[in-house]
file final08.txt (compact mmCIF, C-alpha atoms and all ligand atoms)
# COMPACT_ATOMS: atom_id res chain seq x y z
CA MET A 1 34.64 -19.03 -68.43
CA SER A 2 35.10 -15.39 -69.46
CA VAL A 3 35.55 -14.29 -73.04
CA ASN A 4 39.19 -13.45 -72.37
CA THR A 5 40.24 -16.77 -70.97
CA ASP A 6 38.21 -18.39 -73.68
CA ARG A 7 40.13 -16.48 -76.32
CA SER A 8 43.56 -17.08 -74.85
CA TYR A 9 42.72 -20.73 -74.53
CA LYS A 10 41.77 -20.85 -78.21
CA MET A 11 45.03 -19.12 -79.09
CA LYS A 12 46.98 -21.64 -77.11
CA LEU A 13 45.18 -24.41 -78.88
CA ARG A 14 46.02 -22.87 -82.22
CA ASP A 15 49.68 -22.47 -81.21
CA VAL A 16 49.88 -26.09 -80.35
CA GLU A 17 48.19 -27.10 -83.59
CA ASN A 18 50.50 -24.88 -85.59
CA ALA A 19 53.49 -26.27 -83.86
CA PHE A 20 52.57 -29.74 -85.04
CA LYS A 21 51.39 -28.75 -88.50
CA TYR A 22 54.15 -26.54 -89.70
CA ARG A 23 57.26 -27.15 -87.71
CA ARG A 24 57.05 -30.87 -87.72
CA ILE A 25 59.04 -30.97 -84.58
CA PRO A 26 59.05 -34.28 -82.74
CA TYR A 27 56.40 -34.10 -79.98
CA PRO A 28 58.03 -33.73 -76.67
CA LYS A 29 56.27 -35.62 -73.85
CA ARG A 30 55.11 -32.36 -72.29
CA SER A 31 53.02 -31.40 -75.34
CA VAL A 32 51.14 -34.65 -75.22
CA GLU A 33 50.23 -33.91 -71.63
CA LEU A 34 49.23 -30.40 -72.59
CA ILE A 35 46.97 -31.69 -75.35
CA ALA A 36 45.34 -34.14 -73.00
CA LEU A 37 44.76 -31.35 -70.52
CA LEU A 38 43.33 -29.09 -73.19
CA ALA A 39 41.05 -31.82 -74.42
CA ILE A 40 39.74 -32.39 -70.94
CA SER A 41 39.14 -28.74 -70.22
CA CYS A 42 37.48 -28.34 -73.58
CA THR A 43 35.08 -31.18 -72.80
CA PHE A 44 34.41 -29.70 -69.40
CA PHE A 45 33.78 -26.29 -70.90
CA LEU A 46 31.27 -27.74 -73.35
CA PHE A 47 29.62 -29.71 -70.58
CA MET A 48 29.14 -26.58 -68.49
CA HIS A 49 27.70 -24.80 -71.48
CA THR A 50 25.27 -27.58 -72.26
CA ASN A 51 24.09 -27.55 -68.69
CA LYS A 52 23.51 -23.82 -68.80
CA LEU A 53 21.68 -24.13 -72.09
CA ASN A 54 19.51 -26.86 -70.69
CA SER A 55 18.30 -24.76 -67.81
CA ARG A 56 17.75 -21.80 -70.13
CA LEU A 57 15.67 -24.02 -72.40
CA LYS A 58 13.65 -25.19 -69.42
CA GLU A 59 12.95 -21.59 -68.47
CA MET A 60 11.91 -20.77 -72.00
CA GLU A 61 9.66 -23.78 -72.13
CA VAL A 62 7.70 -22.38 -69.20
CA LYS A 63 7.48 -18.99 -70.89
CA LEU A 64 6.38 -20.44 -74.21
CA GLN A 65 3.36 -22.26 -72.89
CA PRO A 66 0.90 -19.50 -72.25
CA SER A 67 -2.26 -21.28 -71.27
CA GLU A 68 -1.91 -24.92 -72.11
CA PHE A 69 -1.26 -26.22 -68.67
CA SER A 70 -4.17 -27.32 -66.55
CA ALA A 71 -4.94 -30.08 -64.11
CA LEU A 72 -7.49 -31.61 -66.44
CA GLY A 73 -5.59 -31.04 -69.66
CA LEU A 74 -7.84 -28.15 -70.69
CA THR A 75 -6.90 -24.62 -71.57
CA GLY A 76 -7.68 -21.81 -69.20
CA ASN A 77 -10.60 -20.60 -71.31
CA HIS A 78 -12.54 -23.77 -70.68
CA ILE A 79 -12.08 -24.02 -66.99
CA SER A 80 -12.74 -20.64 -65.44
CA GLY A 81 -15.52 -21.09 -62.94
CA HIS A 82 -17.78 -18.19 -63.84
CA ASP A 83 -17.92 -19.26 -67.50
CA ALA A 84 -19.02 -22.77 -66.67
CA GLY A 85 -22.72 -23.51 -66.32
CA LYS A 86 -24.05 -23.63 -62.76
CA HIS A 87 -25.16 -27.26 -62.53
CA ASP A 88 -22.38 -28.73 -64.61
CA ASP A 89 -19.60 -26.70 -63.04
CA ILE A 90 -16.31 -28.43 -63.69
CA ASN A 91 -14.85 -26.85 -60.58
CA THR A 92 -16.69 -29.14 -58.22
CA LEU A 93 -15.88 -32.69 -57.21
CA HIS A 94 -18.78 -33.98 -59.25
CA GLY A 95 -17.91 -31.83 -62.27
CA THR A 96 -14.29 -32.93 -62.21
CA TYR A 97 -15.36 -36.56 -61.86
CA GLN A 98 -17.77 -36.27 -64.80
CA TYR A 99 -15.15 -34.58 -66.93
CA LEU A 100 -12.54 -37.25 -66.21
CA LYS A 101 -15.11 -39.94 -66.96
CA SER A 102 -16.34 -38.46 -70.22
CA THR A 103 -12.79 -38.00 -71.50
CA GLY A 104 -11.73 -41.52 -70.58
CA GLN A 105 -9.19 -40.30 -68.04
CA LEU A 106 -10.96 -41.82 -65.07
CA HIS A 107 -9.74 -45.40 -65.33
CA THR A 108 -6.11 -44.44 -65.85
CA LEU A 109 -6.05 -42.28 -62.74
CA THR A 110 -3.81 -43.60 -59.97
CA PRO A 111 -2.62 -42.02 -56.71
CA TYR A 112 0.90 -43.04 -57.66
CA LYS A 113 1.02 -40.59 -60.59
CA LEU A 114 -0.30 -37.76 -58.45
CA ASN A 115 1.99 -38.33 -55.51
CA ASN A 116 4.78 -35.77 -55.16
CA THR A 117 5.53 -36.81 -51.59
CA ALA A 118 7.61 -39.62 -53.02
CA LYS A 119 9.80 -36.98 -54.71
CA ALA A 120 10.75 -35.35 -51.42
CA GLU A 121 14.36 -35.91 -50.46
CA MET A 122 14.08 -35.19 -46.77
CA ASP A 123 11.54 -35.72 -44.02
CA ARG A 124 10.51 -32.08 -43.50
CA ILE A 125 7.32 -30.27 -44.43
CA PHE A 126 7.59 -26.80 -45.92
CA PHE A 127 4.18 -25.13 -45.70
CA THR A 128 4.52 -21.93 -47.76
CA ARG A 129 1.37 -20.64 -46.18
CA CYS A 130 -0.69 -18.18 -48.26
CA ALA A 131 -2.17 -15.29 -46.33
CA LYS A 132 -5.93 -15.36 -45.63
CA VAL A 133 -6.74 -18.88 -46.72
CA GLY A 134 -7.71 -20.24 -43.32
CA SER A 135 -4.29 -21.71 -42.65
CA GLU A 136 -4.61 -20.89 -38.93
CA SER A 137 -7.14 -23.71 -38.65
CA LEU A 138 -4.87 -26.21 -40.36
CA ILE A 139 -1.89 -25.10 -38.24
CA GLN A 140 -3.88 -25.52 -35.03
CA PHE A 141 -4.93 -28.93 -36.21
CA MET A 142 -1.32 -29.86 -37.03
CA GLU A 143 -0.32 -28.83 -33.54
CA TYR A 144 -2.87 -31.29 -32.27
CA LEU A 145 -1.89 -34.00 -34.73
CA GLN A 146 1.86 -33.75 -34.10
CA HIS A 147 1.44 -35.74 -30.87
CA VAL A 148 -0.39 -38.51 -32.69
CA ASN A 149 1.97 -38.82 -35.64
CA ASP A 150 5.20 -37.88 -33.91
CA PHE A 151 6.25 -34.76 -35.74
CA ASP A 152 7.05 -31.22 -34.68
CA VAL A 153 5.47 -27.95 -35.78
CA ASP A 154 8.31 -25.41 -35.85
CA HIS A 155 7.20 -21.98 -34.65
CA THR A 156 10.10 -19.93 -36.00
CA GLY A 157 8.48 -19.26 -39.36
CA LEU A 158 5.17 -18.30 -37.79
CA LYS A 159 6.84 -15.32 -36.11
CA GLN A 160 8.61 -14.02 -39.22
CA PRO A 161 7.36 -10.73 -40.66
CA ALA A 162 6.11 -11.55 -44.15
CA LYS A 163 8.49 -10.44 -46.92
CA ARG A 164 7.23 -10.40 -50.45
CA GLN A 165 10.47 -11.56 -52.08
CA LEU A 166 13.80 -12.85 -50.84
CA LEU A 167 17.18 -12.52 -52.51
CA PRO A 168 19.02 -15.78 -53.19
CA ARG A 169 20.99 -15.38 -49.97
CA GLY A 170 17.80 -15.13 -47.90
CA GLN A 171 16.30 -18.13 -49.69
CA ALA A 172 19.45 -20.16 -49.06
CA ARG A 173 19.40 -19.21 -45.38
CA LYS A 174 15.79 -20.30 -45.01
CA ALA A 175 16.39 -23.57 -46.87
CA ARG A 176 19.42 -24.18 -44.67
CA TYR A 177 17.40 -23.55 -41.52
CA ILE A 178 14.77 -26.10 -42.57
CA TYR A 179 17.44 -28.60 -43.58
CA ASP A 180 19.12 -28.21 -40.18
CA GLN A 181 15.96 -29.14 -38.26
CA PRO A 182 15.47 -32.74 -37.15
CA ALA A 183 13.55 -35.15 -39.37
CA GLY A 184 9.82 -34.82 -38.84
CA THR A 185 9.71 -31.02 -38.67
CA ALA A 186 6.88 -29.01 -40.20
CA TYR A 187 8.10 -25.51 -41.06
CA ILE A 188 5.34 -22.94 -41.74
CA GLU A 189 5.73 -19.40 -43.01
CA HIS A 190 4.04 -16.78 -45.21
CA THR A 191 6.72 -17.12 -47.86
CA SER A 192 7.16 -18.28 -51.44
CA TRP A 193 8.36 -21.58 -52.82
CA ILE A 194 12.12 -22.10 -52.63
CA ASP A 195 14.16 -24.34 -54.91
CA PHE A 196 16.16 -26.34 -52.35
CA ASN A 197 18.12 -28.26 -54.97
CA HIS A 198 19.38 -25.00 -56.40
CA PHE A 199 21.08 -24.40 -53.05
CA ASN A 200 22.39 -27.97 -52.97
CA MET A 201 19.93 -29.08 -50.37
CA PRO A 202 17.41 -31.92 -50.53
CA LYS A 203 13.78 -31.18 -51.40
CA PRO A 204 11.23 -31.01 -48.57
CA ILE A 205 7.54 -31.97 -48.79
CA TYR A 206 5.76 -28.82 -49.98
CA ILE A 207 2.17 -28.16 -48.94
CA ASN A 208 -0.20 -25.19 -49.04
CA LEU A 209 -3.82 -24.10 -49.11
CA VAL A 210 -5.69 -21.85 -51.54
CA ARG A 211 -8.93 -19.93 -51.34
CA ASP A 212 -11.24 -18.03 -53.68
CA PRO A 213 -9.09 -15.01 -54.71
CA VAL A 214 -11.76 -12.37 -54.14
CA GLU A 215 -12.83 -13.83 -50.80
CA ARG A 216 -9.17 -13.63 -49.80
CA VAL A 217 -8.82 -9.92 -50.54
CA ILE A 218 -12.08 -9.13 -48.78
CA SER A 219 -10.89 -11.14 -45.81
CA TRP A 220 -7.63 -9.20 -45.80
CA TYR A 221 -9.48 -5.88 -46.03
CA TYR A 222 -11.43 -6.58 -42.85
CA TYR A 223 -8.54 -8.32 -41.15
CA VAL A 224 -6.40 -5.16 -41.19
CA ARG A 225 -9.31 -3.32 -39.59
CA ASN A 226 -9.77 -5.97 -36.92
CA SER A 227 -9.46 -4.45 -33.46
CA TYR A 228 -7.58 -7.38 -31.95
CA ARG A 229 -4.96 -7.29 -34.70
CA ASN A 230 -4.60 -3.53 -34.32
CA ALA A 231 -4.21 -3.73 -30.56
CA ILE A 232 -1.27 -6.08 -31.06
CA PHE A 233 0.14 -4.04 -33.93
CA TYR A 234 0.16 -0.74 -32.01
CA ARG A 235 1.59 -2.38 -28.94
CA LYS A 236 4.48 -3.66 -31.04
CA ASN A 237 4.83 -0.40 -32.99
CA PRO A 238 3.92 2.34 -30.49
CA THR A 239 5.17 5.12 -32.79
CA ALA A 240 3.13 4.02 -35.83
CA GLU A 241 0.56 6.51 -37.00
CA ILE A 242 -2.93 5.46 -35.95
CA GLN A 243 -5.43 5.34 -38.81
CA PRO A 244 -8.37 7.74 -38.55
CA ALA A 245 -11.75 6.43 -37.44
CA ALA A 246 -13.12 6.89 -40.97
CA TRP A 247 -10.59 4.36 -42.24
CA PHE A 248 -11.70 1.78 -39.69
CA LYS A 249 -15.33 2.32 -40.64
CA LYS A 250 -14.78 2.26 -44.40
CA ASN A 251 -16.84 -0.45 -46.02
CA TYR A 252 -15.58 -2.68 -48.84
CA ASN A 253 -18.51 -1.97 -51.20
CA ASP A 254 -17.88 1.77 -51.05
CA CYS A 255 -14.14 1.30 -51.27
CA VAL A 256 -14.46 -0.58 -54.60
CA ARG A 257 -17.30 1.52 -56.03
CA SER A 258 -15.60 4.84 -55.32
CA GLY A 259 -12.33 3.69 -56.93
CA ASP A 260 -10.45 4.13 -53.67
CA PRO A 261 -6.79 3.17 -54.36
CA GLU A 262 -6.91 0.71 -51.47
CA CYS A 263 -9.44 -1.36 -53.43
CA GLN A 264 -7.94 -1.07 -56.89
CA TYR A 265 -6.30 -4.19 -58.23
CA ILE A 266 -4.56 -3.31 -61.45
CA PRO A 267 -3.29 -6.22 -63.55
CA MET A 268 0.46 -6.42 -64.22
CA THR A 269 1.40 -3.92 -61.54
CA VAL A 270 4.41 -4.70 -59.39
CA LYS A 271 4.18 -1.88 -56.88
CA ASP A 272 1.26 -1.82 -54.46
CA VAL A 273 -0.44 1.20 -52.92
CA VAL A 274 -0.96 -0.84 -49.76
CA GLY A 275 0.31 -4.32 -49.02
CA ASN A 276 -2.61 -6.76 -49.34
CA PHE A 277 -1.29 -10.19 -50.40
CA LYS A 278 -3.54 -10.13 -53.45
CA ARG A 279 -1.14 -12.40 -55.37
CA GLN A 280 -2.00 -15.88 -54.17
CA THR A 281 0.16 -17.32 -56.96
CA LEU A 282 3.26 -15.67 -55.54
CA PHE A 283 3.44 -18.20 -52.69
CA PHE A 284 3.87 -20.93 -55.32
CA CYS A 285 5.69 -19.15 -58.13
CA GLY A 286 8.77 -18.28 -56.07
CA HIS A 287 11.12 -15.36 -55.57
CA HIS A 288 11.85 -14.58 -59.21
CA GLU A 289 10.90 -11.13 -60.48
CA ASP A 290 8.67 -12.75 -63.13
CA CYS A 291 6.44 -13.80 -60.23
CA LEU A 292 5.69 -10.23 -59.14
CA PRO A 293 3.38 -8.59 -61.71
CA PHE A 294 -0.16 -8.93 -60.39
CA ASP A 295 -2.45 -11.35 -62.27
CA SER A 296 0.28 -12.03 -64.82
CA PRO A 297 -0.28 -15.05 -67.08
CA LEU A 298 3.41 -15.99 -66.87
CA ALA A 299 3.47 -15.95 -63.06
CA VAL A 300 0.37 -18.13 -63.09
CA GLN A 301 1.92 -20.65 -65.48
CA ILE A 302 5.04 -20.90 -63.35
CA ALA A 303 2.92 -21.29 -60.21
CA LYS A 304 0.88 -24.08 -61.82
CA ARG A 305 4.00 -25.90 -62.84
CA ARG A 306 5.34 -25.72 -59.29
CA VAL A 307 2.11 -27.14 -57.96
CA GLU A 308 2.08 -29.95 -60.52
CA GLU A 309 5.70 -30.91 -60.06
CA GLU A 310 6.63 -29.88 -56.54
CA TYR A 311 3.71 -29.63 -54.14
CA ALA A 312 2.54 -32.81 -52.46
CA VAL A 313 -0.84 -31.32 -51.56
CA VAL A 314 -2.46 -27.95 -52.20
CA GLY A 315 -5.73 -28.11 -50.35
CA THR A 316 -8.49 -25.64 -49.61
CA TRP A 317 -10.38 -25.08 -46.40
CA GLU A 318 -13.50 -24.62 -48.53
CA GLU A 319 -13.28 -28.43 -48.87
CA THR A 320 -12.01 -29.40 -45.46
CA ASN A 321 -12.98 -33.07 -45.68
CA ILE A 322 -11.47 -33.58 -49.11
CA THR A 323 -8.31 -31.75 -48.12
CA LEU A 324 -7.88 -33.80 -44.95
CA THR A 325 -8.49 -37.05 -46.84
CA VAL A 326 -5.92 -36.14 -49.46
CA LEU A 327 -3.39 -35.08 -46.82
CA GLU A 328 -3.99 -38.27 -44.87
CA HIS A 329 -3.32 -40.54 -47.84
CA TYR A 330 -0.64 -38.66 -49.72
CA ILE A 331 1.40 -37.56 -46.69
CA PRO A 332 0.67 -40.25 -44.09
CA ARG A 333 3.95 -39.59 -42.26
CA TYR A 334 2.36 -36.36 -40.95
CA PHE A 335 -1.37 -36.69 -41.56
CA ALA A 336 -2.28 -40.32 -40.88
CA ARG A 337 -5.68 -40.57 -39.15
CA ALA A 338 -6.41 -36.89 -39.89
CA THR A 339 -10.03 -37.51 -40.91
CA THR A 340 -10.68 -39.57 -37.79
CA ILE A 341 -9.16 -37.08 -35.41
CA TYR A 342 -10.39 -33.87 -37.00
CA PRO A 343 -14.01 -34.09 -35.74
CA ILE A 344 -12.74 -34.43 -32.15
CA PHE A 345 -10.47 -31.45 -32.60
CA ALA A 346 -13.18 -29.37 -34.31
CA GLU A 347 -15.56 -30.01 -31.43
CA LYS A 348 -12.99 -28.61 -28.99
CA LEU A 349 -12.42 -25.60 -31.18
CA LYS A 350 -16.08 -24.74 -31.63
CA ASN A 351 -16.32 -22.52 -28.61
CA ARG A 352 -13.27 -20.45 -29.45
CA ASN A 353 -14.88 -17.92 -31.74
CA ARG A 354 -13.02 -15.84 -34.29
CA ASN A 355 -13.56 -12.12 -33.96
CA ASN A 356 -13.22 -11.28 -37.64
CA ARG A 357 -15.78 -8.68 -38.59
CA LYS A 358 -16.80 -9.52 -42.12
CA PRO A 359 -19.82 -7.60 -43.33
CA LYS A 360 -21.65 -8.62 -46.45
CA VAL A 361 -20.11 -7.64 -49.75
CA ASP A 362 -22.48 -7.06 -52.66
CA GLU A 363 -22.37 -9.50 -55.56
CA ASP A 364 -21.87 -6.81 -58.19
CA VAL A 365 -18.88 -5.51 -56.24
CA LYS A 366 -17.40 -8.99 -56.11
CA ALA A 367 -17.96 -9.35 -59.85
CA MET A 368 -16.22 -6.05 -60.45
CA VAL A 369 -13.19 -7.18 -58.50
CA ARG A 370 -13.23 -10.67 -59.99
CA ARG A 371 -12.72 -9.25 -63.46
CA ASN A 372 -9.21 -8.13 -62.46
CA PHE A 373 -8.27 -11.53 -61.06
CA THR A 374 -8.82 -13.67 -64.19
CA ASN A 375 -5.46 -15.42 -64.07
CA GLU A 376 -5.50 -15.73 -60.31
CA TYR A 377 -8.83 -17.56 -60.71
CA GLU A 378 -7.34 -19.83 -63.32
CA PHE A 379 -4.69 -20.82 -60.82
CA TYR A 380 -7.17 -21.28 -58.00
CA HIS A 381 -9.36 -23.56 -60.12
CA PHE A 382 -6.31 -25.44 -61.30
CA CYS A 383 -5.39 -26.24 -57.70
CA LYS A 384 -8.91 -27.34 -56.84
CA GLN A 385 -9.16 -29.60 -59.89
CA ARG A 386 -5.87 -31.19 -58.95
CA LEU A 387 -7.07 -31.72 -55.39
CA TYR A 388 -10.28 -33.34 -56.66
CA LYS A 389 -8.24 -35.48 -58.99
CA GLN A 390 -6.07 -36.70 -56.12
CA TYR A 391 -9.20 -37.42 -54.14
CA ILE A 392 -10.96 -39.23 -57.01
CA ALA A 393 -7.85 -41.36 -57.53
CA LEU A 394 -8.27 -42.55 -53.93
CA LYS A 395 -12.03 -42.95 -53.87
CA ARG A 396 -12.96 -43.91 -57.41
CA SER A 397 -15.09 -46.92 -56.60
CA GLN A 398 -16.95 -45.24 -53.73
CA LEU A 399 -17.68 -42.23 -55.92
CA GLU A 400 -18.89 -44.46 -58.72
CA GLN A 401 -21.50 -45.88 -56.32
CA VAL A 402 -22.54 -42.43 -55.10
CA TYR A 403 -22.89 -40.90 -58.56
CA LEU A 404 -24.70 -43.89 -60.00
CA SER A 405 -27.42 -43.99 -57.36
C1 LIG B 1 2.61 -41.16 -51.47
O1 LIG B 1 4.00 -41.28 -51.22
C2 LIG B 1 4.34 -41.35 -49.84
C3 LIG B 1 5.85 -41.35 -49.73
O2 LIG B 1 6.43 -42.30 -50.52
C4 LIG B 1 3.70 -42.59 -49.23
O3 LIG B 1 4.00 -42.64 -47.86
C5 LIG B 1 2.20 -42.54 -49.44
O4 LIG B 1 1.60 -43.72 -48.97
C6 LIG B 1 1.87 -42.35 -50.90
N1 LIG B 1 0.44 -42.13 -51.03
C7 LIG B 1 -0.31 -42.59 -52.03
C8 LIG B 1 -1.78 -42.30 -51.98
O5 LIG B 1 0.15 -43.18 -52.97
C1 LIG B 2 -9.42 -3.23 -62.77
O1 LIG B 2 -8.36 -2.88 -63.66
C2 LIG B 2 -8.64 -1.78 -64.51
C3 LIG B 2 -7.42 -1.57 -65.37
O2 LIG B 2 -7.14 -2.72 -66.08
C4 LIG B 2 -8.94 -0.56 -63.68
O3 LIG B 2 -9.31 0.49 -64.55
C5 LIG B 2 -10.08 -0.86 -62.73
O4 LIG B 2 -10.32 0.26 -61.90
C6 LIG B 2 -9.74 -2.05 -61.88
N1 LIG B 2 -10.85 -2.37 -61.00
C7 LIG B 2 -10.69 -2.78 -59.73
C8 LIG B 2 -11.91 -3.03 -58.92
O5 LIG B 2 -9.59 -3.01 -59.27
C1 LIG B 3 -17.14 -34.00 -43.39
O1 LIG B 3 -16.90 -35.13 -42.60
C2 LIG B 3 -17.66 -35.16 -41.39
C3 LIG B 3 -17.18 -36.35 -40.58
O2 LIG B 3 -16.99 -37.49 -41.34
C4 LIG B 3 -19.15 -35.20 -41.72
O3 LIG B 3 -19.91 -35.23 -40.55
C5 LIG B 3 -19.49 -33.96 -42.54
O4 LIG B 3 -20.83 -34.00 -42.94
C6 LIG B 3 -18.59 -33.86 -43.76
N1 LIG B 3 -18.83 -32.58 -44.41
C7 LIG B 3 -19.04 -32.47 -45.71
C8 LIG B 3 -19.27 -31.08 -46.20
O5 LIG B 3 -19.05 -33.40 -46.45
call {"tool": "encode", "arguments": {"input": "final08.txt", "output": "C-alpha cells", "more": "lines below"}}
Ligand SMILES: *[C@@H]1O[C@H](CO)[C@@H](O)[C@H](O)[C@H]1NC(C)=O
Ligand SMILES: *[C@@H]1O[C@H](CO)[C@@H](O)[C@H](O)[C@H]1NC(C)=O
Ligand SMILES: *[C@@H]1O[C@H](CO)[C@@H](O)[C@H](O)[C@H]1NC(C)=O
result
Amino acid sequence: MSVNTDRSYKMKLRDVENAFKYRRIPYPKRSVELIALLAISCTFFLFMHTNKLNSRLKEMEVKLQPSEFSALGLTGNHISGHDAGKHDDINTLHGTYQYLKSTGQLHTLTPYKLNNTAKAEMDRIFFTRCAKVGSESLIQFMEYLQHVNDFDVDHTGLKQPAKRQLLPRGQARKARYIYDQPAGTAYIEHTSWIDFNHFNMPKPIYINLVRDPVERVISWYYYVRNSYRNAIFYRKNPTAEIQPAAWFKKNYNDCVRSGDPECQYIPMTVKDVVGNFKRQTLFFCGHHEDCLPFDSPLAVQIAKRRVEEEYAVVGTWEETNITLTVLEHYIPRYFARATTIYPIFAEKLKNRNRNNRKPKVDEDVKAMVRRNFTNEYEFYHFCKQRLYKQYIALKRSQLEQVYLS
C-alpha cells in the first residue's frame, strides 16, 4: 500500500468516525457495510505488514550473528584448520567424533535431525555445482547410477555458460525449468542456490561438493591453461585473442610471489581482474548482492545457514567414501547402493586419464594465499564437519568399535 492510499484511507476512516461521533445521524445500512469493509482491509493491511516485518527480521537475524554459527556449535576461531593441532585436528572424521563425544553431543546425534531431504517438496535434485571441486567425477558416477536407481541426469544445465549472479527473473526461469522436468530429474549447473519457495515453487533436494579453497584456485589457474580446454574454447570463439606463450607458461608460485594481479585475492572485493570462481561460498549463498564481496564474513554466514537448513548433502571428493555413504543414506531415492557400485565404476574409469597439468605449488605460497581466504576456510570446514556429523550419526556404533581398539 502506498503512502497516498494509506493516507486517504485514514481520512476516510476519520470521516466515518466523525460522522458517527458528531452528527449522530442514524447509521444507514451502507455505512455498516463500509465499516466492515474498512475493518477487513485494515486487518489485511496489518497482516501484510507483519509478514514483511517478519522476513526483514529474519534477514537481520542472519546479519547479526557474525561468527556464532558452526556445525559443531563452536565459533569460527576455534575451528579453523590451520590453528588446530596436527594430531587432534577437529577437521577430520576422528577429530569431529572426539569433539562430539567429549561435549556429550554424540549420543543425541540422529540422522533424522540432520536430514534435509525430508524437507524437499518435489522429487528433483538441484546440484548447484561449485567449479573445480571434482564434480565431474560425481556427475559421471550419477550418469552411471541413474540406470540403477531410475532417475535422469538433465544435461541442459551442464551446457550453460556460468553466470556469477542472476536477476530474480533469471532465477525464476531456472526454478521453473527444474519444476517442469519429470519427477526423478537431477539438474546440475555451475550456479548459486535459488529460493524456490520465493517463486512459489516447491523446494528441490539441494546437493553440492566443496574442496579446499586454495587447492580450488590453483586447480582453476592450471585449468584455464589446459591445452584441451583451450582447443575447445578457441574453436567456439575463433575471434578471441589468443594468450601469449608466456601466459601459458606462467607458473603459480611466480604469479603469487610477484604480486601478479591474476593471483591477487583481495578480501571484500566485488569486481575481479579475471574470473576465477574463487568464491566457493557464492554457490551456496545465492544471488543476493551481499553474497558477492570476496571472503566476506556475512556471505559466509548466509552460506552456512543455507547449508544447514537447505542442503541435503554437501560432500567433498577429498572424502569420497564418506560422501558416497552419506549420499546413499540421506538421499536413497537417487543414491541407493552408491558405495557398492562405485568401486565397479571407478575401475572402469581408471584408464581414462585426466590431462590436467598441475605442477607443484610451494607450501609458503599456499600459506600466503590461504591468509586471504580465512572466511572461505571457515565455510569449507563447516561443511566438512557437517558431513562427518551426518556420517557419524549413521555409523556411531561401528566407529565406537574402531576408535576403541
Ligand atoms: C532422509 O529422508 C529421506 C526422505 O524422507 C529418506 O528417504 C531417507 O531414508 C532419510 N535418511 C536418513 C538417514 O534418515
Ligand atoms: C591478500 O590481501 C592483501 C590485502 O588485504 C593484499 O595486500 C595481498 O597482496 C593479498 N595477497 C594475495 C596472495 O592475494
Ligand atoms: C573406500 O572404500 C573402498 C571400498 O569399500 C576401500 O577399498 C577403500 O580403501 C576406501 N578408502 C578409504 C580412503 O577409506
call {"tool": "closest_residue", "arguments": {"input": "final08.txt", "among": "A:Ile40, A:Leu282, A:Leu93, A:Val365", "to": "ligand LIG 3 (chain B)", "atoms": "only C-alpha atoms and all ligand atoms"}}
result
A:Leu93
call {"tool": "residues_around", "arguments": {"input": "final08.txt", "residues": "Cys263 in chain A", "least_positions_apart": "2", "cutoff": "10 Å", "atoms": "all atoms listed in the file", "output": "PyMOL selection string"}}
result
chain A and resi 217-218+221+252-261+265-266+273-274+276+369
call {"tool": "closest_residue", "arguments": {"input": "final08.txt", "among": "A:Pro293, A:Pro332, A:Gly286, A:Pro244", "to": "ligand LIG 1 (chain B)", "atoms": "only C-alpha atoms and all ligand atoms"}}
result
A:Pro332
call {"tool": "closest_atom_pairs", "arguments": {"input": "final08.txt", "of": "range 192-285 of chain A", "to": "range 377-380 of chain A", "cutoff": "10 Å", "atoms": "only C-alpha atoms", "output": "JSON lines"}}
result
{"residue": "A:Leu209", "atom": "CA", "partner": "A:Tyr380", "partner_atom": "CA", "distance": 9.9}
{"residue": "A:Val210", "atom": "CA", "partner": "A:Tyr380", "partner_atom": "CA", "distance": 6.7}
{"residue": "A:Arg211", "atom": "CA", "partner": "A:Tyr380", "partner_atom": "CA", "distance": 7.0}
{"residue": "A:Asp212", "atom": "CA", "partner": "A:Tyr380", "partner_atom": "CA", "distance": 6.8}
{"residue": "A:Pro213", "atom": "CA", "partner": "A:Tyr377", "partner_atom": "CA", "distance": 6.5}
{"residue": "A:Val214", "atom": "CA", "partner": "A:Tyr377", "partner_atom": "CA", "distance": 8.9}
{"residue": "A:Gln280", "atom": "CA", "partner": "A:Tyr380", "partner_atom": "CA", "distance": 8.4}
{"residue": "A:Thr281", "atom": "CA", "partner": "A:Phe379", "partner_atom": "CA", "distance": 7.1}
call {"tool": "closest_residue", "arguments": {"input": "final08.txt", "among": "A:Leu158, A:Leu349, A:Leu109, A:Met368", "to": "ligand LIG 2 (chain B)", "atoms": "all atoms listed in the file"}}
result
A:Met368
call {"tool": "closest_atom_pairs", "arguments": {"input": "final08.txt", "of": "chain A", "to": "ligand LIG 3 (chain B)", "cutoff": "12 Å", "atoms": "all atoms listed in the file", "output": "tab-separated table"}}
result
residue	atom	partner	partner_atom	distance
A:Leu93	CA	B:LIG3	O5	11.2
A:Trp317	CA	B:LIG3	C8	10.7
A:Glu318	CA	B:LIG3	C8	9.0
A:Glu319	CA	B:LIG3	C8	7.1
A:Thr320	CA	B:LIG3	C1	7.2
A:Asn321	CA	B:LIG3	C1	4.8
A:Ile322	CA	B:LIG3	O5	8.0
A:Thr323	CA	B:LIG3	C1	10.3
A:Leu324	CA	B:LIG3	C1	9.4
A:Thr325	CA	B:LIG3	O1	9.6
A:Arg337	CA	B:LIG3	O2	11.9
A:Ala338	CA	B:LIG3	O2	10.7
A:Thr339	CA	B:LIG3	O2	7.0
A:Thr340	CA	B:LIG3	O2	7.5
A:Ile341	CA	B:LIG3	C3	9.6
A:Tyr342	CA	B:LIG3	C3	8.1
A:Pro343	CA	B:LIG3	C3	6.2
A:Ile344	CA	B:LIG3	C3	9.7
A:Phe345	CA	B:LIG3	C3	11.5
A:Ala346	CA	B:LIG3	C2	10.2
A:Glu347	CA	B:LIG3	C3	11.2
call {"tool": "axis_aligned_box", "arguments": {"input": "final08.txt", "around": "ligand LIG 1 (chain B)", "padding_each_side": "3 Å", "output": "lines of an AutoDock Vina configuration file"}}
result
center_x = 2.3
center_y = -42.4
center_z = -50.4
size_x = 14.2
size_y = 8.6
size_z = 11.1
call {"tool": "closest_residue", "arguments": {"input": "final08.txt", "among": "A:Leu167, A:Glu121, A:Tyr334, A:Ser135", "to": "Met201 in chain A", "atoms": "all atoms listed in the file"}}
result
A:Glu121
call {"tool": "atom_distance", "arguments": {"input": "final08.txt", "atom1": "CA of Asp150 in chain A", "atom2": "CA of Ile125 in chain A"}}
result
13.2 Å
call {"tool": "closest_residue", "arguments": {"input": "final08.txt", "among": "A:Ile392, A:Leu145, A:Leu106, A:Ala240", "to": "ligand LIG 1 (chain B)", "atoms": "all atoms listed in the file"}}
result
A:Ile392
